[in-house]
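S.K.: work-v6.txt is reproduced below (compact mmCIF, C-alpha atoms and all ligand atoms).
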# COMPACT_ATOMS: atom_id res chain seq x y z
CA MET A 1 0.06 58.21 37.33
CA GLY A 2 1.22 58.42 33.76
CA CYS A 3 1.11 56.52 30.51
CA SER A 4 0.70 52.80 31.06
CA GLN A 5 4.08 51.55 29.82
CA CYS A 6 6.25 54.41 31.00
CA ILE A 7 8.30 54.39 34.20
CA VAL A 8 8.57 58.18 34.34
CA HIS A 9 4.96 58.69 35.47
CA CYS A 10 5.12 62.42 34.95
CA SER A 11 1.41 62.96 35.67
CA ASN A 12 0.00 64.59 38.82
CA GLU A 13 -3.40 64.10 40.44
CA PHE A 14 -5.70 66.95 41.46
CA VAL A 15 -8.15 66.25 44.28
CA ASP A 16 -11.03 68.27 45.73
CA LYS A 17 -11.36 69.57 49.32
CA GLU A 18 -12.47 66.12 50.52
CA GLY A 19 -9.50 64.49 48.83
CA LYS A 20 -11.62 62.97 46.07
CA HIS A 21 -10.10 62.61 42.63
CA VAL A 22 -10.95 65.38 40.13
CA THR A 23 -8.44 64.97 37.32
CA PHE A 24 -5.09 63.54 36.38
CA SER A 25 -2.32 65.60 34.98
CA LEU A 26 -3.38 69.18 35.47
CA GLU A 27 -0.63 70.57 33.28
CA TYR A 28 1.06 73.85 32.65
CA GLU A 29 -0.64 74.28 29.27
CA THR A 30 -4.09 73.65 30.74
CA ILE A 31 -3.56 76.01 33.68
CA TRP A 32 -2.47 78.66 31.20
CA SER A 33 -5.22 78.16 28.63
CA MET A 34 -8.05 77.55 31.11
CA GLY A 35 -6.70 80.02 33.67
CA GLY A 36 -4.46 82.84 32.47
CA MET A 37 -6.06 83.05 29.03
CA THR A 38 -9.63 83.05 30.34
CA GLY A 39 -9.10 85.17 33.46
CA ILE A 40 -10.19 82.28 35.72
CA ASP A 41 -8.08 82.26 38.89
CA ASP A 42 -9.79 79.42 40.75
CA PHE A 43 -7.81 76.17 40.58
CA ASP A 44 -10.84 74.00 41.35
CA THR A 45 -12.67 75.43 38.35
CA ILE A 46 -9.62 74.92 36.12
CA ALA A 47 -9.38 71.31 37.32
CA GLN A 48 -13.07 70.82 36.61
CA LEU A 49 -12.60 72.19 33.08
CA ASP A 50 -9.67 69.83 32.57
CA ARG A 51 -11.76 66.89 33.74
CA LEU A 52 -14.57 67.85 31.36
CA CYS A 53 -12.20 68.21 28.38
CA ASP A 54 -10.57 64.85 29.16
CA GLY A 55 -13.94 63.17 29.43
CA ILE A 56 -15.27 64.69 26.22
CA GLY A 57 -11.99 64.13 24.40
CA VAL A 58 -11.03 67.68 23.41
CA ASP A 59 -7.74 69.46 23.80
CA THR A 60 -7.59 71.93 26.70
CA MET A 61 -5.33 74.40 24.88
CA ASP A 62 -7.61 74.62 21.90
CA THR A 63 -10.72 74.97 24.04
CA GLY A 64 -9.34 77.53 26.49
CA VAL A 65 -8.64 80.19 23.89
CA ALA A 66 -12.31 80.33 22.81
CA MET A 67 -13.44 82.63 25.65
CA ASP A 68 -11.65 85.65 24.24
CA SER A 69 -14.34 86.00 21.57
CA GLY A 70 -16.69 87.66 24.09
CA TYR A 71 -19.43 85.03 23.86
CA LYS A 72 -19.44 84.81 27.68
CA ASN A 73 -17.98 86.99 30.40
CA PHE A 74 -14.20 86.81 30.47
CA GLY A 75 -13.13 85.21 33.76
CA GLY A 76 -16.46 83.56 34.46
CA GLY A 77 -15.67 80.08 35.77
CA GLN A 78 -19.23 78.75 35.72
CA ALA A 79 -19.76 80.17 32.21
CA ALA A 80 -16.62 78.36 31.02
CA ILE A 81 -17.84 75.07 32.53
CA GLU A 82 -21.23 75.49 30.81
CA MET A 83 -19.52 76.22 27.49
CA VAL A 84 -17.40 73.07 27.68
CA GLU A 85 -20.42 71.04 28.77
CA GLU A 86 -22.10 72.17 25.55
CA ILE A 87 -19.38 70.35 23.60
CA GLY A 88 -20.30 67.13 25.37
CA MET A 89 -24.02 67.71 24.77
CA GLY A 90 -23.43 68.37 21.08
CA THR A 91 -25.40 71.63 20.96
CA PRO A 92 -24.86 73.84 17.87
CA PHE A 93 -22.47 76.09 19.80
CA GLY A 94 -20.83 73.06 21.39
CA LYS A 95 -20.02 71.72 17.95
CA ILE A 96 -18.36 75.01 16.99
CA LEU A 97 -16.38 75.12 20.25
CA GLY A 98 -15.39 71.48 19.89
CA ASN A 99 -13.85 72.25 16.52
CA GLY A 100 -11.24 74.44 18.16
CA ALA A 101 -10.09 78.03 18.29
CA ALA A 102 -9.95 78.59 14.53
CA ALA A 103 -13.59 77.49 14.13
CA VAL A 104 -14.71 79.70 17.04
CA GLY A 105 -12.84 82.70 15.61
CA LYS A 106 -14.42 82.18 12.21
CA HIS A 107 -17.89 81.80 13.71
CA PHE A 108 -17.66 85.05 15.72
CA ASN A 109 -15.64 86.84 13.06
CA HIS A 110 -13.16 87.47 15.87
CA LYS A 111 -10.05 89.40 14.89
CA ARG A 112 -7.71 87.91 17.49
CA VAL A 113 -7.45 84.17 17.04
CA PRO A 114 -4.21 82.60 18.29
CA VAL A 115 -3.74 79.92 15.65
CA VAL A 116 -1.17 79.25 12.93
CA LYS A 117 -2.34 77.11 10.01
CA GLY A 118 -5.48 76.34 12.05
CA GLN A 119 -3.51 74.93 14.99
CA ALA A 120 -3.99 76.72 18.34
CA ILE A 121 -0.88 78.33 19.79
CA ALA A 122 0.30 76.73 23.04
CA ALA A 123 1.72 78.67 26.00
CA TYR A 124 4.79 79.78 24.06
CA ASP A 125 3.97 83.23 22.71
CA PRO A 126 5.73 83.50 19.34
CA ARG A 127 5.77 87.30 19.58
CA ALA A 128 8.23 87.01 22.46
CA MET A 129 9.92 83.78 21.33
CA GLN A 130 10.92 84.39 17.76
CA GLY A 131 12.45 80.96 17.18
CA ASN A 132 9.10 79.41 18.02
CA ALA A 133 7.50 81.79 15.51
CA VAL A 134 9.89 80.41 12.85
CA THR A 135 8.86 76.87 13.82
CA SER A 136 5.15 77.72 13.59
CA ALA A 137 5.65 79.35 10.20
CA THR A 138 7.67 76.48 8.73
CA SER A 139 6.20 73.38 10.36
CA PRO A 140 3.42 71.56 8.48
CA MET A 141 1.33 71.56 11.69
CA GLY A 142 1.62 75.33 12.20
CA ALA A 143 1.69 76.27 15.88
CA ASP A 144 2.83 72.83 17.04
CA HIS A 145 4.94 73.43 20.15
CA THR A 146 6.35 69.92 19.93
CA ALA A 147 7.68 70.42 16.40
CA GLY A 148 10.66 72.61 17.26
CA ASN A 149 10.44 74.40 20.57
CA VAL A 150 13.36 76.75 21.19
CA VAL A 151 12.48 77.45 24.83
CA GLY A 152 15.50 75.44 26.06
CA GLU A 153 17.94 77.88 24.43
CA TYR A 154 16.10 80.86 25.91
CA MET A 155 16.12 79.34 29.39
CA ALA A 156 19.81 78.48 29.10
CA GLY A 157 20.51 82.09 28.11
CA THR A 158 22.27 81.05 24.89
CA LEU A 159 19.81 82.91 22.66
CA ASP A 160 17.92 86.19 23.11
CA PRO A 161 14.24 85.37 22.37
CA LEU A 162 13.53 88.92 21.15
CA LYS A 163 16.37 89.36 18.66
CA PRO A 164 16.00 87.96 15.14
CA GLU A 165 19.62 86.77 14.97
CA GLY A 166 20.06 83.03 15.39
CA GLN A 167 16.34 82.20 15.57
CA MET A 168 16.14 80.46 12.19
CA GLU A 169 19.09 78.20 12.94
CA ALA A 170 17.83 77.46 16.46
CA SER A 171 14.39 76.53 15.11
CA ARG A 172 15.95 74.29 12.45
CA LYS A 173 18.13 72.54 15.01
CA SER A 174 15.20 72.04 17.35
CA GLN A 175 12.91 70.78 14.57
CA ILE A 176 15.54 68.18 13.60
CA ALA A 177 16.09 67.18 17.25
CA MET A 178 12.36 66.76 17.85
CA ALA A 179 11.97 64.81 14.59
CA SER A 180 14.82 62.55 15.83
CA VAL A 181 12.90 61.87 19.03
CA ASP A 182 9.71 61.23 17.05
CA CYS A 183 11.61 58.73 14.84
CA THR A 184 12.63 56.71 17.88
CA GLY A 185 9.13 56.60 19.33
CA LEU A 186 10.37 58.03 22.64
CA CYS A 187 8.03 60.44 24.42
CA LEU A 188 9.23 64.01 24.04
CA LEU A 189 8.83 64.63 27.77
CA ALA A 190 11.05 61.67 28.62
CA SER A 191 13.63 62.68 26.01
CA PHE A 192 15.07 65.50 28.10
CA ALA A 193 17.02 62.82 29.98
CA LEU A 194 18.95 62.18 26.76
CA THR A 195 20.80 65.46 27.11
CA THR A 196 22.92 63.95 29.91
CA PRO A 197 25.83 61.71 28.82
CA GLU A 198 24.49 58.83 30.95
CA GLY A 199 20.95 59.17 29.61
CA GLY A 200 22.02 59.58 25.98
CA GLY A 201 24.45 56.64 26.22
CA ALA A 202 21.92 54.33 27.84
CA PHE A 203 19.29 55.22 25.26
CA LEU A 204 21.65 54.48 22.35
CA LYS A 205 22.58 51.15 23.92
CA ALA A 206 18.91 50.21 24.28
CA MET A 207 18.05 51.30 20.73
CA ASN A 208 21.02 49.40 19.26
CA ALA A 209 20.07 46.27 21.20
CA LYS A 210 16.42 46.51 20.19
CA PHE A 211 16.98 47.21 16.50
CA GLY A 212 20.27 45.40 15.90
CA LEU A 213 22.07 48.58 14.89
CA GLN A 214 25.41 50.20 15.68
CA MET A 215 24.23 53.77 16.01
CA GLY A 216 26.29 56.57 17.44
CA PRO A 217 24.91 59.90 18.72
CA GLU A 218 25.33 61.54 15.31
CA ASP A 219 23.15 58.87 13.65
CA ILE A 220 20.14 59.82 15.74
CA SER A 221 20.29 63.44 14.63
CA GLY A 222 20.82 62.21 11.04
CA TYR A 223 17.61 60.24 11.32
CA GLY A 224 15.89 63.37 12.58
CA ASP A 225 17.09 65.24 9.51
CA GLN A 226 15.45 62.67 7.25
CA GLY A 227 12.55 62.04 9.63
CA SER A 228 11.60 65.72 9.49
CA GLU A 229 10.78 65.03 5.85
CA GLY A 230 8.78 61.94 6.81
CA ARG A 231 11.23 59.62 5.07
CA ILE A 232 12.60 57.49 7.88
CA GLY A 233 11.50 55.61 10.98
CA PHE A 234 12.26 52.54 13.07
CA GLN A 235 10.60 49.23 12.25
CA PRO A 236 8.79 47.63 15.21
CA LYS A 237 10.68 44.34 14.64
CA GLY A 238 14.10 45.86 14.03
CA GLY A 239 16.00 48.01 11.56
CA VAL A 240 14.96 51.25 9.96
CA TYR A 241 12.82 52.01 6.95
CA ILE A 242 13.69 54.65 4.41
CA ARG A 243 11.05 56.05 2.09
CA ARG A 244 12.43 57.82 -0.98
S1 LIG A 301 7.10 60.88 30.19
FE1 LIG A 301 5.75 60.77 28.39
S2 LIG A 301 5.22 58.58 28.17
FE2 LIG A 301 6.01 58.91 30.28
S3 LIG A 301 4.21 59.26 31.58
FE3 LIG A 301 4.99 61.28 30.89
S4 LIG A 301 3.82 61.77 28.99
FE4 LIG A 301 3.58 59.55 29.40
I need this file expressed as structure tokens, please.
Ligand code: SF4

M.R.:
Amino acid sequence: MGCSQCIVHCSNEFVDKEGKHVTFSLEYETIWSMGGMTGIDDFDTIAQLDRLCDGIGVDTMDTGVAMDSGYKNFGGGQAAIEMVEEIGMGTPFGKILGNGAAAVGKHFNHKRVPVVKGQAIAAYDPRAMQGNAVTSATSPMGADHTAGNVVGEYMAGTLDPLKPEGQMEASRKSQIAMASVDCTGLCLLASFALTTPEGGGAFLKAMNAKFGLQMGPEDISGYGDQGSEGRIGFQPKGGVYIRR
């Protein structure tokens, strides 16, 4: 399964003991926020929480961080399910929880609220990934892990995540690259294929054919540079628009 018009189909399916469907796309971020961050170590409970959040229409990352406030026992799976169900029922507490981690922290006057500019931090701890901290501090969305994630450089071993040197430049580069991808309309998850010469070349060919352009690789990053300021994008029927 995956998004309807995408051939990548990056989603998984989680089933119960009888093989019956529970949820689609039980992702890394959900397992972290509903599991590691809440002390819940039972996969079936985490899948159930994911299903509830999907059905209600709330973000799993934002909802998972709420348990740290001490409202219910940390690690209590059933308690977590009941809390999320309250969002769906629209109870007074459910409304607070449904407004995300910042609202929960404010309500409980909780000192430790993992948000930047009101946006919940994803599973990329900025204390140990300083480039991501730069992105959170400089991006309009705050802790948006799709705005300029530097994790690729850390995994490749080209940048030490704990040393301040190079983090600002890495964040800037990543923010421009991710803005480039956003300009093209390509899903960020599918865009990793562009880092191969075959993938990047095929993508450029498709974009040029679709929009009647003669773009080279450097043009895409140029668009990202301008796109990061919200000034450029691709027209659905061809060409690019530039807002000055
Ligand atoms: S790669 Fe992106 S568009 Fe494709 S199925 Fe995954 S999330 Fe959806």

S.K.: Go through the chains and note each residue within 7 Å of ligand LIG 301 (chain A), using all atoms listed in the file, then give the set as a PDB file with C-alpha atoms, keeping the file's coordinate frame.

M.R.:
ATOM      1  CA  GLY A   2       1.220  58.420  33.760  1.00  0.00           C
ATOM      2  CA  CYS A   3       1.110  56.520  30.510  1.00  0.00           C
ATOM      3  CA  CYS A   6       6.250  54.410  31.000  1.00  0.00           C
ATOM      4  CA  ILE A   7       8.300  54.390  34.200  1.00  0.00           C
ATOM      5  CA  VAL A   8       8.570  58.180  34.340  1.00  0.00           C
ATOM      6  CA  HIS A   9       4.960  58.690  35.470  1.00  0.00           C
ATOM      7  CA  CYS A  10       5.120  62.420  34.950  1.00  0.00           C
ATOM      8  CA  SER A  11       1.410  62.960  35.670  1.00  0.00           C
ATOM      9  CA  CYS A 187       8.030  60.440  24.420  1.00  0.00           C
ATOM     10  CA  LEU A 188       9.230  64.010  24.040  1.00  0.00           C
ATOM     11  CA  LEU A 189       8.830  64.630  27.770  1.00  0.00           C
ATOM     12  CA  ALA A 190      11.050  61.670  28.620  1.00  0.00           C
TER      13      ALA A 190
END

S.K.: Counting all atoms listed in the file, give me one row per residue of segment 122-190 of chain A with an atom at most 12 Å from an atom of segment 196-220 of chain A, showing the shortest contact pair and its distance in Å to one decimal, sorted by chain then residue number, as a Markdown table.

M.R.:
| residue | atom | partner | partner_atom | distance |
| --- | --- | --- | --- | --- |
| A:Ile176 | CA | A:Ile220 | CA | 9.8 |
| A:Ala177 | CA | A:Ile220 | CA | 8.5 |
| A:Met178 | CA | A:Ile220 | CA | 10.6 |
| A:Ala179 | CA | A:Ile220 | CA | 9.6 |
| A:Ser180 | CA | A:Ile220 | CA | 6.0 |
| A:Val181 | CA | A:Ile220 | CA | 8.2 |
| A:Asp182 | CA | A:Ile220 | CA | 10.6 |
| A:Cys183 | CA | A:Ile220 | CA | 8.6 |
| A:Thr184 | CA | A:Met207 | CA | 8.2 |
| A:Gly185 | CA | A:Met207 | CA | 10.5 |
| A:Leu186 | CA | A:Phe203 | CA | 9.7 |
| A:Ala190 | CA | A:Gly199 | CA | 10.3 |

S.K.: For Thr60 of chain A, which residue out of A:Val22, A:Ala101, A:Leu194, A:Ala79 is the nearest one, using only C-alpha atoms?

M.R.: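 Result for the nearest residue to Thr60 of chain A: A:Ala101.
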
S.K.: Taking all atoms listed in the file into account, which of A:Gly131, A:Gly152, A:Gly105, A:Pro164 comes nearest Thr63 of chain A?

M.R.: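 Answer, going by the shortest atom-to-atom distance: A:Gly105.
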
S.K.: Could you check how far atom CA of Arg127 of chain A sits from atom CA of Val113 of chain A, in Å to one decimal?

M.R.: 13.8 Å

S.K.: As an exercise, work out the distance from atom CA of Glu27 of chain A to atom CA of Glu85 of chain A in Å and give it to one decimal place.

M.R.: 20.3 Å

S.K.: Start from the incomplete input, build N, CA and C atoms for segment 172-195 of chain A, and deliver everything as a PDB file, keeping the file's coordinate frame.

M.R.:
ATOM      1  N   ARG A 172      15.589  75.437  13.307  1.00  0.00           N
ATOM      2  CA  ARG A 172      15.950  74.290  12.450  1.00  0.00           C
ATOM      3  C   ARG A 172      16.542  73.168  13.284  1.00  0.00           C
ATOM      4  N   LYS A 173      17.475  73.546  14.159  1.00  0.00           N
ATOM      5  CA  LYS A 173      18.130  72.540  15.010  1.00  0.00           C
ATOM      6  C   LYS A 173      17.098  71.823  15.883  1.00  0.00           C
ATOM      7  N   SER A 174      16.198  72.617  16.461  1.00  0.00           N
ATOM      8  CA  SER A 174      15.200  72.040  17.350  1.00  0.00           C
ATOM      9  C   SER A 174      14.201  71.166  16.576  1.00  0.00           C
ATOM     10  N   GLN A 175      13.840  71.597  15.372  1.00  0.00           N
ATOM     11  CA  GLN A 175      12.910  70.780  14.570  1.00  0.00           C
ATOM     12  C   GLN A 175      13.543  69.432  14.231  1.00  0.00           C
ATOM     13  N   ILE A 176      14.850  69.446  13.919  1.00  0.00           N
ATOM     14  CA  ILE A 176      15.540  68.180  13.600  1.00  0.00           C
ATOM     15  C   ILE A 176      15.635  67.314  14.854  1.00  0.00           C
ATOM     16  N   ALA A 177      15.969  67.949  16.000  1.00  0.00           N
ATOM     17  CA  ALA A 177      16.090  67.180  17.250  1.00  0.00           C
ATOM     18  C   ALA A 177      14.757  66.541  17.614  1.00  0.00           C
ATOM     19  N   MET A 178      13.669  67.307  17.472  1.00  0.00           N
ATOM     20  CA  MET A 178      12.360  66.760  17.850  1.00  0.00           C
ATOM     21  C   MET A 178      11.906  65.695  16.854  1.00  0.00           C
ATOM     22  N   ALA A 179      12.279  65.865  15.580  1.00  0.00           N
ATOM     23  CA  ALA A 179      11.970  64.810  14.590  1.00  0.00           C
ATOM     24  C   ALA A 179      12.770  63.552  14.921  1.00  0.00           C
ATOM     25  N   SER A 180      14.005  63.720  15.428  1.00  0.00           N
ATOM     26  CA  SER A 180      14.820  62.550  15.830  1.00  0.00           C
ATOM     27  C   SER A 180      14.096  61.784  16.920  1.00  0.00           C
ATOM     28  N   VAL A 181      13.612  62.514  17.923  1.00  0.00           N
ATOM     29  CA  VAL A 181      12.900  61.870  19.030  1.00  0.00           C
ATOM     30  C   VAL A 181      11.661  61.174  18.496  1.00  0.00           C
ATOM     31  N   ASP A 182      10.921  61.842  17.613  1.00  0.00           N
ATOM     32  CA  ASP A 182       9.710  61.230  17.050  1.00  0.00           C
ATOM     33  C   ASP A 182      10.052  59.943  16.299  1.00  0.00           C
ATOM     34  N   CYS A 183      11.195  59.937  15.586  1.00  0.00           N
ATOM     35  CA  CYS A 183      11.610  58.730  14.840  1.00  0.00           C
ATOM     36  C   CYS A 183      11.810  57.542  15.776  1.00  0.00           C
ATOM     37  N   THR A 184      12.311  57.818  16.974  1.00  0.00           N
ATOM     38  CA  THR A 184      12.630  56.710  17.880  1.00  0.00           C
ATOM     39  C   THR A 184      11.387  56.207  18.613  1.00  0.00           C
ATOM     40  N   GLY A 185      10.335  56.998  18.615  1.00  0.00           N
ATOM     41  CA  GLY A 185       9.130  56.600  19.330  1.00  0.00           C
ATOM     42  C   GLY A 185       9.163  56.974  20.808  1.00  0.00           C
ATOM     43  N   LEU A 186      10.246  57.623  21.226  1.00  0.00           N
ATOM     44  CA  LEU A 186      10.370  58.030  22.640  1.00  0.00           C
ATOM     45  C   LEU A 186       9.477  59.244  22.892  1.00  0.00           C
ATOM     46  N   CYS A 187       8.849  59.280  24.075  1.00  0.00           N
ATOM     47  CA  CYS A 187       8.030  60.440  24.420  1.00  0.00           C
ATOM     48  C   CYS A 187       8.928  61.675  24.542  1.00  0.00           C
ATOM     49  N   LEU A 188       8.446  62.774  24.010  1.00  0.00           N
ATOM     50  CA  LEU A 188       9.230  64.010  24.040  1.00  0.00           C
ATOM     51  C   LEU A 188       9.553  64.432  25.480  1.00  0.00           C
ATOM     52  N   LEU A 189       8.604  64.215  26.383  1.00  0.00           N
ATOM     53  CA  LEU A 189       8.830  64.630  27.770  1.00  0.00           C
ATOM     54  C   LEU A 189       9.935  63.808  28.426  1.00  0.00           C
ATOM     55  N   ALA A 190      10.006  62.534  28.049  1.00  0.00           N
ATOM     56  CA  ALA A 190      11.050  61.670  28.620  1.00  0.00           C
ATOM     57  C   ALA A 190      12.402  61.936  27.966  1.00  0.00           C
ATOM     58  N   SER A 191      12.378  62.538  26.779  1.00  0.00           N
ATOM     59  CA  SER A 191      13.630  62.680  26.010  1.00  0.00           C
ATOM     60  C   SER A 191      14.603  63.680  26.598  1.00  0.00           C
ATOM     61  N   PHE A 192      14.141  64.512  27.530  1.00  0.00           N
ATOM     62  CA  PHE A 192      15.070  65.500  28.100  1.00  0.00           C
ATOM     63  C   PHE A 192      16.215  64.809  28.848  1.00  0.00           C
ATOM     64  N   ALA A 193      15.966  63.584  29.298  1.00  0.00           N
ATOM     65  CA  ALA A 193      17.020  62.820  29.980  1.00  0.00           C
ATOM     66  C   ALA A 193      18.162  62.496  29.036  1.00  0.00           C
ATOM     67  N   LEU A 194      17.904  62.536  27.729  1.00  0.00           N
ATOM     68  CA  LEU A 194      18.950  62.180  26.760  1.00  0.00           C
ATOM     69  C   LEU A 194      20.046  63.226  26.676  1.00  0.00           C
ATOM     70  N   THR A 195      19.790  64.402  27.213  1.00  0.00           N
ATOM     71  CA  THR A 195      20.800  65.460  27.110  1.00  0.00           C
ATOM     72  C   THR A 195      21.965  65.219  28.090  1.00  0.00           C
TER      73      THR A 195
END
